[in-house]
$ cat data12.txt   # compact mmCIF, C-alpha atoms
# COMPACT_ATOMS: atom_id res chain seq x y z
CA MET A 4 14.99 25.96 26.05
CA LYS A 5 12.30 25.27 23.48
CA HIS A 6 12.21 21.99 21.60
CA ARG A 7 13.18 22.82 18.01
CA ILE A 8 11.10 21.23 15.27
CA ILE A 9 12.13 21.84 11.66
CA VAL A 10 9.84 20.87 8.80
CA LEU A 11 11.54 20.66 5.41
CA GLY A 12 9.23 21.34 2.48
CA ALA A 13 5.87 23.10 2.45
CA GLY A 14 3.90 21.04 0.00
CA TYR A 15 0.66 19.46 1.15
CA THR A 16 2.35 17.20 3.69
CA GLY A 17 4.90 19.60 5.15
CA ALA A 18 2.45 22.48 5.51
CA ILE A 19 -0.19 20.22 7.08
CA ALA A 20 2.32 18.75 9.54
CA ALA A 21 3.61 22.17 10.61
CA GLY A 22 0.11 23.50 11.21
CA ARG A 23 -1.01 20.40 13.05
CA LEU A 24 2.01 20.57 15.35
CA ALA A 25 1.25 24.21 16.13
CA LYS A 26 -2.31 23.20 16.96
CA ARG A 27 -1.24 20.50 19.39
CA LEU A 28 1.78 21.99 21.19
CA ARG A 29 2.19 25.14 23.27
CA ALA A 30 4.17 27.97 21.68
CA GLU A 31 6.16 28.48 24.86
CA ASP A 32 7.45 24.89 24.66
CA VAL A 33 8.35 24.46 20.98
CA ALA A 34 9.86 26.43 18.11
CA ILE A 35 8.43 25.24 14.78
CA THR A 36 10.26 26.29 11.62
CA LEU A 37 8.91 25.54 8.14
CA VAL A 38 11.58 25.72 5.42
CA ASN A 39 10.53 26.12 1.80
CA ALA A 40 12.16 27.51 -1.34
CA GLU A 41 9.02 29.28 -2.63
CA PRO A 42 6.94 31.93 -0.86
CA ASP A 43 3.58 30.52 -1.99
CA PHE A 44 1.85 27.19 -1.58
CA VAL A 45 1.77 25.17 -4.81
CA GLU A 46 -1.38 23.15 -5.49
CA ARG A 47 0.48 20.33 -7.15
CA VAL A 48 -2.71 18.47 -8.03
CA ARG A 49 -3.65 21.40 -10.29
CA MET A 50 -0.44 21.72 -12.30
CA HIS A 51 -2.12 20.30 -15.41
CA GLN A 52 -4.67 23.12 -15.13
CA LEU A 53 -1.95 25.73 -14.80
CA ALA A 54 -0.16 24.31 -17.84
CA ALA A 55 -3.38 24.39 -19.86
CA GLY A 56 -3.73 28.13 -19.31
CA GLN A 57 -5.83 28.45 -16.16
CA ASP A 58 -4.84 30.84 -13.39
CA LEU A 59 -4.57 29.63 -9.79
CA ALA A 60 -5.20 31.81 -6.75
CA PRO A 61 -1.97 32.75 -4.92
CA ARG A 62 -1.61 31.31 -1.42
CA PRO A 63 1.31 33.07 0.33
CA PHE A 64 2.76 31.27 3.34
CA SER A 65 3.21 34.60 5.14
CA LYS A 66 -0.56 34.92 5.27
CA MET A 67 -1.34 31.25 5.85
CA PHE A 68 0.89 30.89 8.91
CA ALA A 69 0.47 34.40 10.35
CA GLY A 70 -0.28 34.14 14.05
CA THR A 71 0.14 30.36 14.23
CA GLY A 72 3.55 30.34 15.88
CA VAL A 73 5.14 28.68 12.84
CA GLU A 74 8.20 30.51 11.48
CA VAL A 75 8.40 30.30 7.69
CA ARG A 76 11.93 30.51 6.25
CA LEU A 77 12.31 30.99 2.52
CA ALA A 78 15.37 28.90 1.75
CA LYS A 79 16.62 26.02 -0.35
CA VAL A 80 17.69 22.94 1.56
CA THR A 81 21.14 21.82 0.42
CA ALA A 82 22.09 19.14 2.96
CA VAL A 83 20.98 17.31 6.09
CA ASP A 84 23.41 15.99 8.69
CA VAL A 85 21.45 13.56 10.86
CA GLY A 86 24.47 12.87 13.05
CA ARG A 87 24.89 16.50 14.05
CA ARG A 88 21.16 17.23 13.73
CA THR A 89 21.67 20.13 11.35
CA VAL A 90 20.16 21.31 8.09
CA ALA A 91 22.15 23.42 5.62
CA VAL A 92 20.07 25.97 3.71
CA THR A 93 20.70 28.75 1.23
CA GLU A 94 18.62 31.89 1.56
CA ALA A 95 18.80 35.53 0.48
CA ASN A 96 21.50 36.48 3.00
CA GLY A 97 23.74 33.49 2.37
CA THR A 98 24.22 29.98 3.71
CA GLN A 99 22.91 29.01 7.12
CA GLU A 100 23.01 25.91 9.26
CA LEU A 101 19.89 25.22 11.33
CA GLU A 102 19.89 22.91 14.34
CA TYR A 103 16.93 20.72 15.20
CA ASP A 104 15.72 18.41 17.93
CA SER A 105 13.00 16.85 15.75
CA LEU A 106 13.04 16.92 11.95
CA VAL A 107 10.09 16.38 9.60
CA TYR A 108 11.43 15.60 6.14
CA ALA A 109 8.83 16.47 3.50
CA LEU A 110 10.90 17.52 0.48
CA GLY A 111 8.76 15.44 -1.84
CA SER A 112 9.61 14.51 -5.39
CA GLY A 113 10.14 15.79 -8.89
CA TRP A 114 9.71 14.28 -12.31
CA ASP A 115 11.45 11.08 -13.32
CA ASP A 116 12.92 10.99 -16.82
CA GLN A 117 13.72 7.28 -16.31
CA GLY A 118 16.94 7.71 -18.21
CA VAL A 119 15.22 7.94 -21.59
CA PRO A 120 17.54 9.75 -24.04
CA GLY A 121 16.48 13.27 -24.95
CA THR A 122 13.87 13.60 -22.20
CA THR A 123 15.61 16.23 -20.09
CA GLU A 124 16.51 18.24 -23.20
CA HIS A 125 13.20 18.14 -25.05
CA ALA A 126 10.32 17.01 -22.81
CA HIS A 127 8.19 19.14 -20.50
CA GLU A 128 7.15 18.17 -16.97
CA ILE A 129 4.34 19.29 -14.66
CA ALA A 130 5.62 17.99 -11.33
CA GLY A 131 6.03 21.59 -10.11
CA ARG A 132 4.98 25.15 -10.84
CA ALA A 133 8.10 26.10 -12.80
CA GLY A 134 7.68 23.19 -15.20
CA ALA A 135 3.95 23.81 -15.59
CA LEU A 136 4.56 27.47 -16.41
CA ARG A 137 7.17 26.57 -19.02
CA LEU A 138 4.73 24.14 -20.63
CA ARG A 139 1.98 26.77 -20.47
CA GLU A 140 4.15 29.21 -22.42
CA ARG A 141 5.11 26.57 -24.97
CA LEU A 142 1.52 25.48 -25.55
CA ALA A 143 0.41 29.09 -25.96
CA GLY A 144 2.89 29.45 -28.82
CA LEU A 145 1.65 26.41 -30.76
CA ALA A 146 -0.27 26.92 -33.97
CA ALA A 147 -3.45 25.02 -34.77
CA GLY A 148 -2.91 21.44 -35.87
CA GLN A 149 0.42 20.92 -34.12
CA HIS A 150 1.03 17.72 -32.19
CA VAL A 151 1.18 17.38 -28.40
CA LEU A 152 2.13 13.99 -26.99
CA VAL A 153 1.60 13.12 -23.32
CA VAL A 154 3.82 10.21 -22.26
CA GLY A 155 2.48 8.18 -19.34
CA GLY A 156 -0.90 6.55 -18.82
CA GLY A 157 -1.25 7.09 -15.07
CA LEU A 158 -3.43 9.60 -13.25
CA THR A 159 -1.25 12.58 -14.18
CA GLY A 160 -1.12 11.56 -17.82
CA LEU A 161 -4.90 11.18 -18.10
CA GLU A 162 -5.47 14.54 -16.45
CA ALA A 163 -2.86 16.35 -18.54
CA ALA A 164 -4.04 14.96 -21.88
CA THR A 165 -7.72 15.74 -21.28
CA GLU A 166 -7.03 19.21 -19.83
CA ILE A 167 -4.87 20.22 -22.79
CA ALA A 168 -7.27 18.75 -25.34
CA GLU A 169 -10.25 20.54 -23.79
CA ALA A 170 -8.43 23.88 -23.51
CA ARG A 171 -6.92 23.65 -27.02
CA PRO A 172 -9.27 21.69 -29.30
CA ASP A 173 -7.29 23.04 -32.26
CA LEU A 174 -4.26 20.93 -31.31
CA ASP A 175 -3.65 17.27 -32.17
CA VAL A 176 -3.31 15.71 -28.70
CA ALA A 177 -2.16 12.12 -28.17
CA LEU A 178 -1.21 9.94 -25.20
CA ALA A 179 1.31 7.09 -25.09
CA ALA A 180 0.81 4.44 -22.39
CA ARG A 181 2.92 1.37 -21.66
CA GLY A 182 -0.22 -0.62 -20.94
CA GLY A 183 -3.83 -0.30 -21.96
CA LEU A 184 -5.67 2.97 -21.43
CA GLY A 185 -6.75 3.03 -17.79
CA ASP A 186 -6.05 -0.69 -17.46
CA TRP A 187 -5.95 -0.47 -13.65
CA LEU A 188 -9.52 0.88 -13.51
CA SER A 189 -12.81 -0.99 -13.28
CA PRO A 190 -14.63 -1.80 -16.55
CA LYS A 191 -16.94 1.17 -15.94
CA GLY A 192 -13.98 3.43 -15.25
CA ARG A 193 -12.07 2.29 -18.34
CA GLY A 194 -15.14 2.74 -20.49
CA HIS A 195 -15.69 6.27 -19.29
CA VAL A 196 -12.07 7.27 -19.89
CA ARG A 197 -12.25 5.92 -23.44
CA LYS A 198 -15.50 7.79 -24.02
CA VAL A 199 -14.02 11.10 -22.83
CA PHE A 200 -10.83 10.61 -24.83
CA ALA A 201 -12.84 9.89 -27.97
CA GLY A 202 -15.03 12.92 -27.39
CA LEU A 203 -11.99 15.16 -27.06
CA GLY A 204 -10.33 13.64 -30.11
CA ILE A 205 -7.30 12.33 -28.21
CA THR A 206 -5.28 9.67 -30.05
CA VAL A 207 -4.14 6.82 -27.78
CA HIS A 208 -0.98 4.79 -28.38
CA GLU A 209 -1.48 1.80 -26.09
CA HIS A 210 1.21 -0.73 -25.11
CA THR A 211 3.80 1.76 -26.29
CA THR A 212 7.19 2.38 -24.70
CA VAL A 213 8.99 5.61 -25.56
CA ALA A 214 12.69 4.97 -26.14
CA GLY A 215 13.83 8.45 -27.09
CA VAL A 216 12.62 12.05 -27.26
CA GLU A 217 13.56 14.54 -29.96
CA ALA A 218 12.57 18.16 -30.49
CA ASP A 219 9.68 17.32 -32.83
CA ARG A 220 8.96 13.63 -32.25
CA VAL A 221 9.49 10.60 -30.03
CA ALA A 222 10.83 7.20 -30.97
CA THR A 223 9.19 4.08 -29.55
CA SER A 224 10.84 0.80 -28.67
CA ASP A 225 9.45 -0.86 -31.80
CA GLY A 226 11.00 1.76 -34.06
CA THR A 227 7.87 3.85 -34.65
CA SER A 228 8.20 7.62 -34.85
CA VAL A 229 5.37 9.65 -33.26
CA PRO A 230 5.19 13.38 -34.12
CA ALA A 231 5.30 15.76 -31.15
CA ALA A 232 5.93 19.48 -31.30
CA VAL A 233 5.56 19.26 -27.52
CA THR A 234 6.21 16.17 -25.40
CA VAL A 235 4.76 16.13 -21.86
CA TRP A 236 6.48 13.59 -19.60
CA THR A 237 4.29 12.11 -16.83
CA THR A 238 5.74 8.64 -16.26
CA GLY A 239 6.26 8.92 -12.51
CA PHE A 240 8.14 10.75 -9.79
CA ALA A 241 11.66 10.62 -8.38
CA VAL A 242 12.22 11.63 -4.76
CA HIS A 243 14.39 14.57 -3.76
CA PRO A 244 18.02 13.29 -3.68
CA ILE A 245 19.11 14.83 -0.35
CA ALA A 246 17.94 11.94 1.87
CA GLN A 247 20.03 9.44 -0.09
CA ALA A 248 23.14 11.47 0.72
CA THR A 249 22.55 11.16 4.47
CA ALA A 250 23.06 8.34 6.97
CA LEU A 251 19.30 7.71 7.04
CA GLU A 252 18.14 4.26 6.02
CA VAL A 253 16.60 4.66 2.58
CA THR A 254 15.29 2.40 -0.18
CA ASP A 255 16.94 1.94 -3.56
CA THR A 256 14.76 4.80 -4.84
CA GLY A 257 15.91 7.15 -2.07
CA GLN A 258 12.76 7.05 0.05
CA ILE A 259 13.28 7.15 3.82
CA VAL A 260 12.26 3.92 5.56
CA VAL A 261 9.79 4.72 8.35
CA ASP A 262 7.74 2.86 10.94
CA ARG A 263 3.96 3.09 11.39
CA THR A 264 4.29 6.50 13.04
CA MET A 265 6.36 7.93 10.14
CA ARG A 266 9.53 7.89 12.24
CA SER A 267 12.81 6.90 10.59
CA VAL A 268 13.79 3.36 11.54
CA SER A 269 17.45 4.42 11.76
CA HIS A 270 17.17 7.90 13.34
CA PRO A 271 14.24 8.32 15.75
CA ASP A 272 14.45 12.12 15.81
CA VAL A 273 13.63 12.22 12.07
CA TYR A 274 10.17 11.75 10.59
CA ALA A 275 9.48 11.45 6.86
CA ILE A 276 6.17 12.07 5.11
CA GLY A 277 4.78 12.35 1.61
CA ASP A 278 6.67 11.14 -1.43
CA ALA A 279 9.93 11.14 0.54
CA ALA A 280 8.80 8.27 2.78
CA MET A 281 8.47 4.55 2.15
CA VAL A 282 5.11 4.03 3.83
CA MET A 283 3.57 0.59 4.19
CA GLY A 284 -0.18 0.22 3.95
CA PRO A 285 -2.69 -2.63 4.19
CA GLY A 286 -1.15 -6.00 3.45
CA ASP A 287 2.33 -4.48 3.95
CA LYS A 288 2.19 -3.01 0.46
CA PRO A 289 4.02 0.27 -0.21
CA LEU A 290 1.63 3.17 -0.63
CA ARG A 291 1.88 5.14 -3.85
CA MET A 292 3.18 8.68 -4.12
CA SER A 293 0.07 10.83 -3.90
CA CYS A 294 -1.79 13.44 -1.89
CA ALA A 295 -4.05 10.63 -0.69
CA THR A 296 -1.02 9.00 0.92
CA GLY A 297 0.75 12.14 2.10
CA THR A 298 -2.09 13.81 3.98
CA PRO A 299 -2.83 11.02 6.50
CA ALA A 300 0.92 10.43 6.83
CA ALA A 301 1.35 14.10 7.80
CA TRP A 302 -1.41 13.76 10.40
CA GLN A 303 0.26 10.66 11.78
CA ALA A 304 3.72 12.21 12.01
CA ALA A 305 2.52 15.41 13.68
CA ASP A 306 0.36 13.52 16.17
CA ALA A 307 3.18 11.10 16.97
CA ILE A 308 5.68 13.90 17.60
CA ALA A 309 3.20 15.77 19.78
CA ALA A 310 2.31 12.64 21.75
CA ARG A 311 5.92 11.69 22.40
CA LEU A 312 6.80 15.21 23.51
CA THR A 313 3.80 15.49 25.82
CA GLY A 314 3.97 11.99 27.26
CA THR A 315 0.61 10.88 25.89
CA LYS A 316 -0.37 7.77 23.94
CA VAL A 317 0.80 7.81 20.32
CA PRO A 318 -2.31 7.58 18.11
CA THR A 319 -2.45 5.60 14.90
CA THR A 320 -3.96 7.08 11.76
CA PRO A 321 -5.29 4.40 9.37
CA LEU A 322 -3.30 4.52 6.15
CA ARG A 323 -5.60 3.20 3.47
CA TYR A 324 -7.29 4.25 0.25
CA PHE A 325 -10.95 4.87 -0.54
CA ASN A 326 -11.00 6.17 -4.10
CA GLN A 327 -8.97 7.64 -6.94
CA CYS A 328 -10.20 11.07 -8.03
CA ILE A 329 -9.41 11.89 -11.67
CA SER A 330 -10.29 15.08 -13.50
CA LEU A 331 -10.85 14.65 -17.22
CA GLY A 332 -10.99 18.30 -18.18
CA ARG A 333 -13.28 20.80 -16.45
CA LYS A 334 -16.54 19.09 -17.41
CA GLU A 335 -15.79 15.40 -16.89
CA GLY A 336 -14.30 13.30 -14.14
CA LEU A 337 -13.96 9.83 -12.71
CA ILE A 338 -14.14 8.73 -9.09
CA GLN A 339 -12.87 5.16 -9.02
CA TYR A 340 -13.61 3.42 -5.72
CA VAL A 341 -10.85 1.12 -4.53
CA THR A 342 -10.01 -1.38 -1.81
CA ALA A 343 -7.90 -0.37 1.19
CA ASP A 344 -4.77 -1.37 -0.74
CA ASP A 345 -5.77 0.63 -3.85
CA ARG A 346 -7.28 -2.04 -6.13
CA ALA A 347 -10.23 -0.94 -8.23
CA VAL A 348 -13.69 -2.26 -7.41
CA ARG A 349 -16.72 -2.19 -9.71
CA ALA A 350 -18.22 1.01 -8.31
CA ALA A 351 -17.31 4.32 -9.92
CA LEU A 352 -18.79 7.80 -10.37
CA THR A 353 -18.51 9.43 -13.78
CA GLY A 354 -19.40 12.57 -15.63
CA ARG A 355 -20.16 16.06 -14.37
CA PHE A 356 -20.87 14.93 -10.80
CA ALA A 357 -17.47 13.23 -10.64
CA ALA A 358 -15.80 16.44 -11.90
CA LEU A 359 -17.51 18.43 -9.13
CA TYR A 360 -16.49 15.79 -6.57
CA LYS A 361 -12.85 16.04 -7.65
CA GLU A 362 -13.01 19.84 -7.49
CA LEU A 363 -14.34 19.68 -3.92
CA VAL A 364 -11.50 17.31 -2.97
CA CYS A 365 -8.91 19.74 -4.40
CA LYS A 366 -10.50 22.72 -2.68
CA GLY A 367 -10.74 20.83 0.60
CA ALA A 368 -7.08 19.86 0.48
CA ALA A 369 -6.04 23.45 -0.25
CA TRP A 370 -8.30 24.79 2.53
CA GLY A 371 -6.69 22.42 5.00
CA VAL A 372 -3.27 23.77 4.12
CA ALA A 373 -4.36 27.41 4.01
CA ASN A 374 -5.99 27.19 7.45
CA PRO A 375 -3.38 25.21 9.38
CA THR A 376 -4.70 25.72 12.90
CA LEU A 377 -8.43 25.59 12.16
CA GLY A 378 -10.58 22.51 11.92
CA MET A 379 -11.32 20.12 14.71
CA PRO A 380 -10.68 21.55 18.19
CA THR A 381 -7.70 20.26 20.10
CA ARG A 382 -5.97 20.79 23.38
CA ARG A 383 -2.46 22.23 23.30
CA ARG A 384 -0.50 20.16 25.76
CA PRO A 385 2.73 21.07 27.53
CA VAL A 386 5.98 19.35 26.65
CA VAL A 387 6.86 17.09 29.57
CA ARG A 388 10.56 16.74 28.78
CA LYS A 389 12.79 19.39 27.26
CA HIS A 390 15.02 17.95 24.54
CA GLY A 391 16.52 21.21 23.29
CA ARG A 392 20.26 21.82 23.33
CA THR A 393 21.98 25.04 24.22
CA GLY A 394 22.82 27.50 21.50
CA SER A 395 20.99 29.83 19.13
CA GLY A 396 20.04 27.09 16.69
CA VAL A 397 21.58 28.96 13.74
CA ARG A 398 25.11 29.01 12.43
CA ALA A 399 25.91 31.50 9.69
CA SER A 400 28.60 31.28 7.05
CA ALA A 401 29.38 33.06 3.82

$ encode --input "data12.txt" --output "structure tokens"
Amino acid sequence: MKHRIIVLGAGYTGAIAAGRLAKRLRAEDVAITLVNAEPDFVERVRMHQLAAGQDLAPRPFSKMFAGTGVEVRLAKVTAVDVGRRTVAVTEANGTQELEYDSLVYALGSGWDDQGVPGTTEHAHEIAGRAGALRLRERLAGLAAGQHVLVVGGGLTGLEAATEIAEARPDLDVALAARGGLGDWLSPKGRGHVRKVFAGLGITVHEHTTVAGVEADRVATSDGTSVPAAVTVWTTGFAVHPIAQATALEVTDTGQIVVDRTMRSVSHPDVYAIGDAAMVMGPGDKPLRMSCATGTPAAWQAADAIAARLTGTKVPTTPLRYFNQCISLGRKEGLIQYVTADDRAVRAALTGRFAALYKELVCKGAAWGVANPTLGMPTRRRPVVRKHGRTGSGVRASA
């Protein structure tokens, strides 16, 4: 019987892991199933562009994984039972229970309202396509001179504020940051961000904590009221809640605790990658939720699974950072070089060249997902031990 590998989630990490597994293992030995709720790949790093009115090319999974040996199932994951090794999903024909021998958990994250009153009712998020499209529609309906406030001074906040301001120069765009604008960047990086913000006419509320969101304004912790016909919330991400409801060892934030090969420390037949995993990097510091973290983690997990199934040495993919790529609209960008543990160094690229660099990074990441079995040549090795259990692998219910 084939060894059953189920990959949950087809974002950057899940799609990369599924394709890499198909490239390393023989189709006659393994059955790889990729479960995702949407039929198309979502370029999450471009959601600020989608919200600002740009159109993104569709990337259907049916085309991407055609002929690879990966079965794509359009379904919503509702539960994982790591004791029974089953995944409950809801799809068009009802509820199903899928059995696995190896599980790759890549369900990712969504937006984090941080418990701020009024956020879920009045704020917009761009953590996914649905939220970005809702914001796109709302922005399109705004009249000239209306206020848009982006809350959050991280990478997503900088990209959202500049993209909206560039696309809609008739709007009054502002950003609220708990710290200083780009305070984690190098002096050159901070200076360039301030220059771009000034050129786009973006108002910056530094050292500002939002304490409440209303339909037409936000309230700050010091009692100030900031006008906002639209509030865009970009203060961070919260992981998908399913893992926390399982017997897997997770952190307080719900991330699955993994070893250096992305394998769960409590359940060795489960691997976690992307935002769902607590991954330790250089200096035993947790790596941040990002594509830069998720992609090498996906490589590591796929290679580790393939090596353990084929009886070969488990390779180790270095998990470290090189730079932070930030788009500041379509014409400006910032490439901030960093240490292995993500601390800014003096060197940085700015301007048009940096914008082109970031665009190449985004295109390269999407190409890697869209062409899952291309790239560097590899040898498909046979599975040396069969771990599959008897049965069809699917249990149907109402």

$ residues_around --input "data12.txt" --residues "Arg47 in chain A" --least-positions-apart "3" --cutoff "12 Å" --atoms "all atoms listed in the file" --output "PDB file with C-alpha atoms, in the frame of the given file"
ATOM      1  CA  ALA A  13       5.870  23.100   2.450  1.00  0.00           C
ATOM      2  CA  GLY A  14       3.900  21.040   0.000  1.00  0.00           C
ATOM      3  CA  TYR A  15       0.660  19.460   1.150  1.00  0.00           C
ATOM      4  CA  THR A  16       2.350  17.200   3.690  1.00  0.00           C
ATOM      5  CA  ASP A  43       3.580  30.520  -1.990  1.00  0.00           C
ATOM      6  CA  PHE A  44       1.850  27.190  -1.580  1.00  0.00           C
ATOM      7  CA  MET A  50      -0.440  21.720 -12.300  1.00  0.00           C
ATOM      8  CA  HIS A  51      -2.120  20.300 -15.410  1.00  0.00           C
ATOM      9  CA  GLN A  52      -4.670  23.120 -15.130  1.00  0.00           C
ATOM     10  CA  LEU A  53      -1.950  25.730 -14.800  1.00  0.00           C
ATOM     11  CA  ALA A  54      -0.160  24.310 -17.840  1.00  0.00           C
ATOM     12  CA  LEU A  59      -4.570  29.630  -9.790  1.00  0.00           C
ATOM     13  CA  GLY A 111       8.760  15.440  -1.840  1.00  0.00           C
ATOM     14  CA  SER A 112       9.610  14.510  -5.390  1.00  0.00           C
ATOM     15  CA  GLY A 113      10.140  15.790  -8.890  1.00  0.00           C
ATOM     16  CA  ILE A 129       4.340  19.290 -14.660  1.00  0.00           C
ATOM     17  CA  ALA A 130       5.620  17.990 -11.330  1.00  0.00           C
ATOM     18  CA  GLY A 131       6.030  21.590 -10.110  1.00  0.00           C
ATOM     19  CA  ARG A 132       4.980  25.150 -10.840  1.00  0.00           C
ATOM     20  CA  ALA A 133       8.100  26.100 -12.800  1.00  0.00           C
ATOM     21  CA  GLY A 134       7.680  23.190 -15.200  1.00  0.00           C
ATOM     22  CA  ALA A 135       3.950  23.810 -15.590  1.00  0.00           C
ATOM     23  CA  THR A 159      -1.250  12.580 -14.180  1.00  0.00           C
ATOM     24  CA  SER A 293       0.070  10.830  -3.900  1.00  0.00           C
ATOM     25  CA  CYS A 294      -1.790  13.440  -1.890  1.00  0.00           C
ATOM     26  CA  CYS A 365      -8.910  19.740  -4.400  1.00  0.00           C
ATOM     27  CA  ALA A 368      -7.080  19.860   0.480  1.00  0.00           C
ATOM     28  CA  ALA A 369      -6.040  23.450  -0.250  1.00  0.00           C
TER      29      ALA A 369
END

$ closest_residue --input "data12.txt" --among "A:Asp255, A:Asp272, A:Asp278, A:Glu31" --to "Val242 in chain A" --atoms "all atoms listed in the file"
A:Asp278

$ atom_distance --input "data12.txt" --atom1 "CA of Val38 in chain A" --atom2 "CA of Arg263 in chain A"
24.6 Å

$ atom_distance --input "data12.txt" --atom1 "CA of Ala177 in chain A" --atom2 "CA of Lys366 in chain A"
28.8 Å

$ residues_near_point --input "data12.txt" --point "(-13.8, -1.1, -13.0)" --cutoff "6 Å" --atoms "all atoms listed in the file" --output "number ranges by chain"
A: 188-192, 347-349

$ closest_residue --input "data12.txt" --among "A:Gly56, A:Gly367, A:Gly277, A:Pro318" --to "Arg139 in chain A" --atoms "only C-alpha atoms"
A:Gly56

$ closest_residue --input "data12.txt" --among "A:Ala91, A:Val33, A:Ala279, A:Val261" --to "Gln247 in chain A" --atoms "all atoms listed in the file"
A:Ala279

$ closest_residue --input "data12.txt" --among "A:Thr227, A:Asn39, A:Thr165, A:Thr249" --to "Gly86 in chain A" --atoms "only C-alpha atoms"
A:Thr249

$ closest_residue --input "data12.txt" --among "A:Leu331, A:Val80, A:Leu11, A:Ala343" --to "Ala163 in chain A" --atoms "only C-alpha atoms"
A:Leu331

$ residues_around --input "data12.txt" --residues "Lys288 in chain A" --least-positions-apart "6" --cutoff "12 Å" --atoms "all atoms listed in the file" --output "list in words"
Met281, Val282, Leu322, Arg323, Tyr324, Ala343, Asp344, Asp345 and Arg346 of chain A

$ residues_around --input "data12.txt" --residues "Glu217 in chain A" --least-positions-apart "2" --cutoff "7 Å" --atoms "all atoms listed in the file" --output "JSON, numbers by chain"
{"A": [121, 125, 215, 219, 220, 221]}

$ axis_aligned_box --input "data12.txt" --around "range 340-352 of chain A" --padding-each-side "6 Å" --output "JSON"
{"center_x": -11.8, "center_y": 2.8, "center_z": -4.6, "size_x": 26.0, "size_y": 22.1, "size_z": 23.6}

$ closest_residue --input "data12.txt" --among "A:Gly12, A:Gly183, A:Gly22, A:Pro120" --to "Ala78 in chain A" --atoms "all atoms listed in the file"
A:Gly12

$ residues_around --input "data12.txt" --residues "Ser269 in chain A" --least-positions-apart "5" --cutoff "12 Å" --atoms "only C-alpha atoms" --output "tab-separated table (two decimals) with C-alpha atoms, in the coordinates of the input"
chain	number	residue	atom	x	y	z
A	85	VAL	CA	21.45	13.56	10.86
A	86	GLY	CA	24.47	12.87	13.05
A	249	THR	CA	22.55	11.16	4.47
A	250	ALA	CA	23.06	8.34	6.97
A	251	LEU	CA	19.30	7.71	7.04
A	252	GLU	CA	18.14	4.26	6.02
A	253	VAL	CA	16.60	4.66	2.58
A	259	ILE	CA	13.28	7.15	3.82
A	260	VAL	CA	12.26	3.92	5.56
A	261	VAL	CA	9.79	4.72	8.35
A	262	ASP	CA	7.74	2.86	10.94
A	274	TYR	CA	10.17	11.75	10.59
A	275	ALA	CA	9.48	11.45	6.86

$ atom_distance --input "data12.txt" --atom1 "CA of Ile8 in chain A" --atom2 "CA of Arg62 in chain A"
23.3 Å

$ residues_around --input "data12.txt" --residues "Trp236 in chain A" --least-positions-apart "2" --cutoff "12 Å" --atoms "all atoms listed in the file" --output "short mmCIF file (atom, residue, chain, number, x, y, z; two decimals) with C-alpha atoms, in the coordinates of the input"
data_model
loop_
_atom_site.label_atom_id
_atom_site.label_comp_id
_atom_site.auth_asym_id
_atom_site.auth_seq_id
_atom_site.Cartn_x
_atom_site.Cartn_y
_atom_site.Cartn_z
CA HIS A 51 -2.12 20.30 -15.41
CA GLY A 113 10.14 15.79 -8.89
CA TRP A 114 9.71 14.28 -12.31
CA ASP A 115 11.45 11.08 -13.32
CA ASP A 116 12.92 10.99 -16.82
CA GLN A 117 13.72 7.28 -16.31
CA VAL A 119 15.22 7.94 -21.59
CA GLY A 121 16.48 13.27 -24.95
CA THR A 122 13.87 13.60 -22.20
CA THR A 123 15.61 16.23 -20.09
CA GLU A 124 16.51 18.24 -23.20
CA HIS A 125 13.20 18.14 -25.05
CA ALA A 126 10.32 17.01 -22.81
CA HIS A 127 8.19 19.14 -20.50
CA GLU A 128 7.15 18.17 -16.97
CA ILE A 129 4.34 19.29 -14.66
CA ALA A 130 5.62 17.99 -11.33
CA GLY A 134 7.68 23.19 -15.20
CA ALA A 135 3.95 23.81 -15.59
CA LEU A 138 4.73 24.14 -20.63
CA VAL A 151 1.18 17.38 -28.40
CA LEU A 152 2.13 13.99 -26.99
CA VAL A 153 1.60 13.12 -23.32
CA VAL A 154 3.82 10.21 -22.26
CA GLY A 155 2.48 8.18 -19.34
CA GLY A 156 -0.90 6.55 -18.82
CA GLY A 157 -1.25 7.09 -15.07
CA THR A 159 -1.25 12.58 -14.18
CA GLY A 160 -1.12 11.56 -17.82
CA LEU A 161 -4.90 11.18 -18.10
CA ALA A 163 -2.86 16.35 -18.54
CA ALA A 164 -4.04 14.96 -21.88
CA LEU A 178 -1.21 9.94 -25.20
CA ALA A 179 1.31 7.09 -25.09
CA ALA A 180 0.81 4.44 -22.39
CA VAL A 213 8.99 5.61 -25.56
CA GLY A 215 13.83 8.45 -27.09
CA VAL A 216 12.62 12.05 -27.26
CA VAL A 221 9.49 10.60 -30.03
CA ALA A 231 5.30 15.76 -31.15
CA VAL A 233 5.56 19.26 -27.52
CA THR A 234 6.21 16.17 -25.40
CA THR A 238 5.74 8.64 -16.26
CA GLY A 239 6.26 8.92 -12.51
CA PHE A 240 8.14 10.75 -9.79
#
